[in-house]
Structures are given as structure tokens and as C-alpha cells.
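Novice: As input, take entry.pdb (PDB, C-alpha atoms, pLDDT in the B column):
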MODEL        1
ATOM      1  CA  ASP A   1    -135.390-244.570 -16.151  1.00 69.00           C
ATOM      2  CA  TRP A   2    -135.676-243.717 -12.438  1.00 78.00           C
ATOM      3  CA  THR A   3    -136.133-247.047 -10.678  1.00 89.00           C
ATOM      4  CA  PHE A   4    -135.431-248.630  -7.323  1.00 92.00           C
ATOM      5  CA  THR A   5    -132.821-250.804  -9.057  1.00 94.00           C
ATOM      6  CA  LEU A   6    -130.986-247.741 -10.387  1.00 96.00           C
ATOM      7  CA  LYS A   7    -131.017-246.039  -6.979  1.00 96.00           C
ATOM      8  CA  ARG A   8    -129.722-249.184  -5.298  1.00 96.00           C
ATOM      9  CA  ALA A   9    -126.932-249.458  -7.894  1.00 97.00           C
ATOM     10  CA  ILE A  10    -125.862-245.863  -7.138  1.00 96.00           C
ATOM     11  CA  PHE A  11    -125.928-246.517  -3.373  1.00 97.00           C
ATOM     12  CA  GLU A  12    -123.861-249.678  -3.844  1.00 97.00           C
ATOM     13  CA  ARG A  13    -121.393-247.913  -6.151  1.00 95.00           C
ATOM     14  CA  ASP A  14    -120.934-245.192  -3.520  1.00 96.00           C
ATOM     15  CA  LYS A  15    -120.939-247.761  -0.668  1.00 96.00           C
ATOM     16  CA  TYR A  16    -123.972-246.060   0.926  1.00 97.00           C
ATOM     17  CA  THR A  17    -121.616-243.215   1.865  1.00 97.00           C
ATOM     18  CA  CYS A  18    -122.366-239.506   1.496  1.00 96.00           C
ATOM     19  CA  GLN A  19    -120.078-238.201  -1.224  1.00 94.00           C
ATOM     20  CA  ILE A  20    -119.786-234.820   0.509  1.00 94.00           C
ATOM     21  CA  CYS A  21    -119.281-235.525   4.228  1.00 95.00           C
ATOM     22  CA  GLY A  22    -118.649-239.291   4.314  1.00 95.00           C
ATOM     23  CA  LYS A  23    -121.583-240.151   6.606  1.00 96.00           C
ATOM     24  CA  GLU A  24    -122.752-243.762   6.519  1.00 96.00           C
ATOM     25  CA  PRO A  25    -125.299-245.029   5.773  1.00 95.00           C
ATOM     26  CA  SER A  26    -126.650-242.458   3.336  1.00 94.00           C
ATOM     27  CA  ILE A  27    -129.773-243.073   1.276  1.00 94.00           C
ATOM     28  CA  TYR A  28    -130.499-239.984  -0.813  1.00 96.00           C
ATOM     29  CA  CYS A  29    -129.778-240.189  -4.525  1.00 96.00           C
ATOM     30  CA  HIS A  30    -129.029-236.725  -5.919  1.00 95.00           C
ATOM     31  CA  HIS A  31    -129.136-235.567  -9.575  1.00 95.00           C
ATOM     32  CA  ILE A  32    -125.928-233.566  -9.979  1.00 94.00           C
ATOM     33  CA  ASP A  33    -127.329-231.408 -12.792  1.00 93.00           C
ATOM     34  CA  TYR A  34    -130.759-231.125 -11.073  1.00 94.00           C
ATOM     35  CA  ASP A  35    -132.417-232.596 -14.192  1.00 94.00           C
ATOM     36  CA  LYS A  36    -134.709-235.351 -12.916  1.00 93.00           C
ATOM     37  CA  GLN A  37    -134.911-236.750 -16.467  1.00 94.00           C
ATOM     38  CA  ASN A  38    -131.129-237.280 -16.614  1.00 94.00           C
ATOM     39  CA  CYS A  39    -130.783-240.661 -14.934  1.00 94.00           C
ATOM     40  CA  ASN A  40    -127.322-241.407 -16.274  1.00 94.00           C
ATOM     41  CA  PRO A  41    -125.365-242.986 -13.395  1.00 94.00           C
ATOM     42  CA  ASP A  42    -122.631-240.374 -13.919  1.00 92.00           C
ATOM     43  CA  ASN A  43    -125.237-237.743 -13.003  1.00 93.00           C
ATOM     44  CA  LEU A  44    -126.295-239.470  -9.763  1.00 95.00           C
ATOM     45  CA  ILE A  45    -124.566-239.365  -6.404  1.00 94.00           C
ATOM     46  CA  THR A  46    -125.301-240.637  -2.883  1.00 96.00           C
ATOM     47  CA  LEU A  47    -125.840-238.026  -0.171  1.00 97.00           C
ATOM     48  CA  CYS A  48    -126.951-238.023   3.468  1.00 97.00           C
ATOM     49  CA  HIS A  49    -130.105-236.164   4.499  1.00 96.00           C
ATOM     50  CA  SER A  50    -128.209-233.103   5.739  1.00 96.00           C
ATOM     51  CA  CYS A  51    -126.032-232.712   2.628  1.00 96.00           C
ATOM     52  CA  HIS A  52    -128.965-233.413   0.315  1.00 96.00           C
ATOM     53  CA  SER A  53    -130.860-230.581   2.010  1.00 95.00           C
ATOM     54  CA  LYS A  54    -127.866-228.242   1.566  1.00 95.00           C
ATOM     55  CA  THR A  55    -127.632-228.976  -2.153  1.00 95.00           C
ATOM     56  CA  ASN A  56    -131.177-227.714  -2.751  1.00 91.00           C
ATOM     57  CA  GLY A  57    -129.960-224.131  -2.390  1.00 91.00           C
ATOM     58  CA  ASN A  58    -127.281-222.281  -4.384  1.00 92.00           C
ATOM     59  CA  ARG A  59    -127.456-224.790  -7.229  1.00 93.00           C
ATOM     60  CA  ASP A  60    -124.746-223.127  -9.336  1.00 93.00           C
ATOM     61  CA  TYR A  61    -122.273-223.572  -6.483  1.00 94.00           C
ATOM     62  CA  TRP A  62    -123.144-227.261  -6.068  1.00 94.00           C
ATOM     63  CA  LYS A  63    -122.966-227.986  -9.821  1.00 91.00           C
ATOM     64  CA  SER A  64    -119.460-226.518  -9.808  1.00 91.00           C
ATOM     65  CA  TYR A  65    -118.557-228.399  -6.615  1.00 92.00           C
ATOM     66  CA  PHE A  66    -119.606-231.756  -8.049  1.00 88.00           C
ATOM     67  CA  SER A  67    -117.934-231.038 -11.383  1.00 84.00           C
ATOM     68  CA  ASP A  68    -114.643-230.288  -9.607  1.00 81.00           C
ATOM     69  CA  SER A  69    -115.010-233.392  -7.392  1.00 78.00           C
ATOM     70  CA  ILE A  70    -115.566-235.630 -10.407  1.00 69.00           C
ATOM     71  CA  LYS A  71    -112.510-234.201 -12.171  1.00 59.00           C
ATOM     72  CA  GLN A  72    -110.395-234.882  -9.074  1.00 66.00           C
ATOM     73  CA  LYS A  73    -111.624-238.492  -8.908  1.00 63.00           C
ATOM     74  CA  ILE A  74    -110.782-239.018 -12.588  1.00 48.00           C
ATOM     75  CA  ILE A  75    -107.300-237.581 -12.094  1.00 45.00           C
ATOM     76  CA  GLY A  76    -106.860-239.752  -8.972  1.00 49.00           C
ATOM     77  CA  CYS A  77    -107.880-242.882 -10.879  1.00 47.00           C
ATOM     78  CA  SER A  78    -105.393-242.161 -13.650  1.00 46.00           C
ATOM     79  CA  ASN A  79    -102.620-242.299 -11.014  1.00 49.00           C
ATOM     80  CA  ARG A  80    -103.597-245.786  -9.840  1.00 47.00           C
ATOM     81  CA  GLY A  81    -102.899-249.314 -11.048  1.00 46.00           C
ATOM     82  CA  ARG A  82    -105.488-251.671 -12.545  1.00 42.00           C
ATOM     83  CA  SER A  83    -106.835-252.621  -9.121  1.00 40.00           C
ATOM     84  CA  GLY A  84    -107.623-248.953  -8.396  1.00 41.00           C
ATOM     85  CA  VAL A  85    -104.920-248.901  -5.728  1.00 37.00           C
ATOM     86  CA  LYS A  86    -101.861-246.697  -6.108  1.00 38.00           C
ATOM     87  CA  THR A  87     -98.843-248.893  -6.736  1.00 34.00           C
ATOM     88  CA  ALA A  88     -95.121-248.334  -6.223  1.00 41.00           C
ATOM     89  CA  THR A  89     -94.572-248.327  -9.992  1.00 38.00           C
ATOM     90  CA  ASP A  90     -97.251-245.678 -10.706  1.00 37.00           C
TER      91      ASP A  90
ENDMDL
END
Output the structure of this file as C-alpha cells.
Specialist:
Amino acid sequence: DWTFTLKRAIFERDKYTCQICGKEPSIYCHHIDYDKQNCNPDNLITLCHSCHSKTNGNRDYWKSYFSDSIKQKIIGCSNRGRSGVKTATD
């Protein structure tokens, strides 16, 4: 369900930082697959106003962009220790 609590949780997860350009604070919660009914946290991302505006055009490009970004984050996490920080033994 789309609620203020869910949006706040996404902003906190992303540290109120745009996941495209890194601008802080950012307060737009974007549906990666453009399906407003899909409120799975994995489908939501924090963006700044400028980047959120950009993602409203050329949706196929942005779906691919976010898919690739998520894959890179998953690969990056698999190379890190339990704390999420890369360790000398990894």
C-alpha cells in the first residue's frame, strides 16, 4: 500500500539521496517499473526533482538503467563482509 510510512522508509533506506545524481536531500519516491500498484520496496527508489522529471520520458531506457544499477549493487554487496564494508579478507 502507498503510504507516508512506506515513502519515509524508502527515503531513509536511500539516506534521502538521489540514486541517480547523489543530490541531497531528495524527496521524490519513484516506481522503477512505473506501476503505481507495485509498492514493493525493491521497486521504489529515491530521486531528486530534476532526475524524477527526467525519468518520466524514455521509460524503456530508465527501466534498463535501474535494472543494471540494481544488479551492480547486488554484485557489490556480494564482495563485502557482513557489515557491508569491503574487508581485507574478501
Novice: At a cut-off of 12 Å from (-124.3, -240.9, -13.3) in the coordinates of the file, what residues are picked up using only C-alpha atoms, written as a list of chain:residue names?
Specialist: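 It turns out the residues near that spot are A:Trp2, A:Leu6, A:Lys7, A:Ala9, A:Ile10, A:Phe11, A:Arg13, A:Asp14, A:Cys29, A:His30, A:His31, A:Ile32, A:Asp33, A:Tyr34, A:Asp35, A:Lys36, A:Gln37, A:Asn38, A:Cys39, A:Asn40, A:Pro41, A:Asp42, A:Asn43, A:Leu44, A:Ile45, A:Thr46, A:Phe66, A:Ser67, A:Ile70.
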Novice: What gap, in Å, lies between atom CA of Ile20 of chain A and atom CA of Ser50 of chain A?
Specialist: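 Spanning atom CA of Ile20 of chain A to atom CA of Ser50 of chain A is a straight-line distance of 10.1 Å.
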Novice: I'd like the box whose edges run along x, y and z of the file and which contains every listed atom of segment 5-20 of chain A, padded by 4 Å per side; could you state its centre and edge lengths in Å, one decimal, as JSON?
Specialist:
{"center_x": -126.3, "center_y": -242.8, "center_z": -4.3, "size_x": 21.0, "size_y": 24.0, "size_z": 20.3}
Novice: Would you compute the distance between atom CA of Ile27 of chain A and atom CA of Cys48 of chain A? Give it in Å to one decimal.
Specialist: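 According to the coordinates, atom CA of Ile27 of chain A and atom CA of Cys48 of chain A are separated by 6.2 Å.
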Novice: Could you add whatever atoms are missing so that segment 23-34 of chain A carries N, CA, C and O atoms, then write the result as a PDB file, keeping the file's coordinate frame?
Specialist:
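For reference, out_35.pdb as written:
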ATOM      1  N   LYS A  23    -120.686-239.484   5.649  1.00 96.00           N
ATOM      2  CA  LYS A  23    -121.583-240.151   6.606  1.00 96.00           C
ATOM      3  C   LYS A  23    -122.124-241.451   6.023  1.00 96.00           C
ATOM      4  O   LYS A  23    -122.472-241.526   4.859  1.00 96.00           O
ATOM      5  N   GLU A  24    -122.192-242.461   6.880  1.00 96.00           N
ATOM      6  CA  GLU A  24    -122.752-243.762   6.519  1.00 96.00           C
ATOM      7  C   GLU A  24    -123.835-244.137   7.514  1.00 96.00           C
ATOM      8  O   GLU A  24    -123.667-243.838   8.700  1.00 96.00           O
ATOM      9  N   PRO A  25    -124.873-244.835   7.159  1.00 95.00           N
ATOM     10  CA  PRO A  25    -125.299-245.029   5.773  1.00 95.00           C
ATOM     11  C   PRO A  25    -126.036-243.795   5.267  1.00 95.00           C
ATOM     12  O   PRO A  25    -126.642-243.059   6.045  1.00 95.00           O
ATOM     13  N   SER A  26    -125.962-243.577   3.983  1.00 94.00           N
ATOM     14  CA  SER A  26    -126.650-242.458   3.336  1.00 94.00           C
ATOM     15  C   SER A  26    -127.561-243.015   2.256  1.00 94.00           C
ATOM     16  O   SER A  26    -127.175-243.913   1.514  1.00 94.00           O
ATOM     17  N   ILE A  27    -128.778-242.469   2.167  1.00 94.00           N
ATOM     18  CA  ILE A  27    -129.773-243.073   1.276  1.00 94.00           C
ATOM     19  C   ILE A  27    -130.530-242.048   0.433  1.00 94.00           C
ATOM     20  O   ILE A  27    -131.680-242.264   0.075  1.00 94.00           O
ATOM     21  N   TYR A  28    -129.882-240.950   0.092  1.00 96.00           N
ATOM     22  CA  TYR A  28    -130.499-239.984  -0.813  1.00 96.00           C
ATOM     23  C   TYR A  28    -129.707-239.985  -2.110  1.00 96.00           C
ATOM     24  O   TYR A  28    -128.487-239.838  -2.098  1.00 96.00           O
ATOM     25  N   CYS A  29    -130.411-240.167  -3.211  1.00 96.00           N
ATOM     26  CA  CYS A  29    -129.778-240.189  -4.525  1.00 96.00           C
ATOM     27  C   CYS A  29    -130.026-238.828  -5.180  1.00 96.00           C
ATOM     28  O   CYS A  29    -131.165-238.440  -5.414  1.00 96.00           O
ATOM     29  N   HIS A  30    -128.953-238.103  -5.442  1.00 95.00           N
ATOM     30  CA  HIS A  30    -129.029-236.725  -5.919  1.00 95.00           C
ATOM     31  C   HIS A  30    -128.668-236.637  -7.403  1.00 95.00           C
ATOM     32  O   HIS A  30    -127.692-237.243  -7.839  1.00 95.00           O
ATOM     33  N   HIS A  31    -129.448-235.863  -8.172  1.00 95.00           N
ATOM     34  CA  HIS A  31    -129.136-235.567  -9.575  1.00 95.00           C
ATOM     35  C   HIS A  31    -128.173-234.386  -9.597  1.00 95.00           C
ATOM     36  O   HIS A  31    -128.551-233.269  -9.222  1.00 95.00           O
ATOM     37  N   ILE A  32    -126.961-234.600 -10.000  1.00 94.00           N
ATOM     38  CA  ILE A  32    -125.928-233.566  -9.979  1.00 94.00           C
ATOM     39  C   ILE A  32    -126.333-232.338 -10.776  1.00 94.00           C
ATOM     40  O   ILE A  32    -126.108-231.212 -10.346  1.00 94.00           O
ATOM     41  N   ASP A  33    -126.942-232.550 -11.954  1.00 93.00           N
ATOM     42  CA  ASP A  33    -127.329-231.408 -12.792  1.00 93.00           C
ATOM     43  C   ASP A  33    -128.756-230.922 -12.509  1.00 93.00           C
ATOM     44  O   ASP A  33    -129.259-230.047 -13.200  1.00 93.00           O
ATOM     45  N   TYR A  34    -129.398-231.487 -11.502  1.00 94.00           N
ATOM     46  CA  TYR A  34    -130.759-231.125 -11.073  1.00 94.00           C
ATOM     47  C   TYR A  34    -131.823-231.453 -12.112  1.00 94.00           C
ATOM     48  O   TYR A  34    -132.961-231.050 -11.965  1.00 94.00           O
TER      49      TYR A  34
END
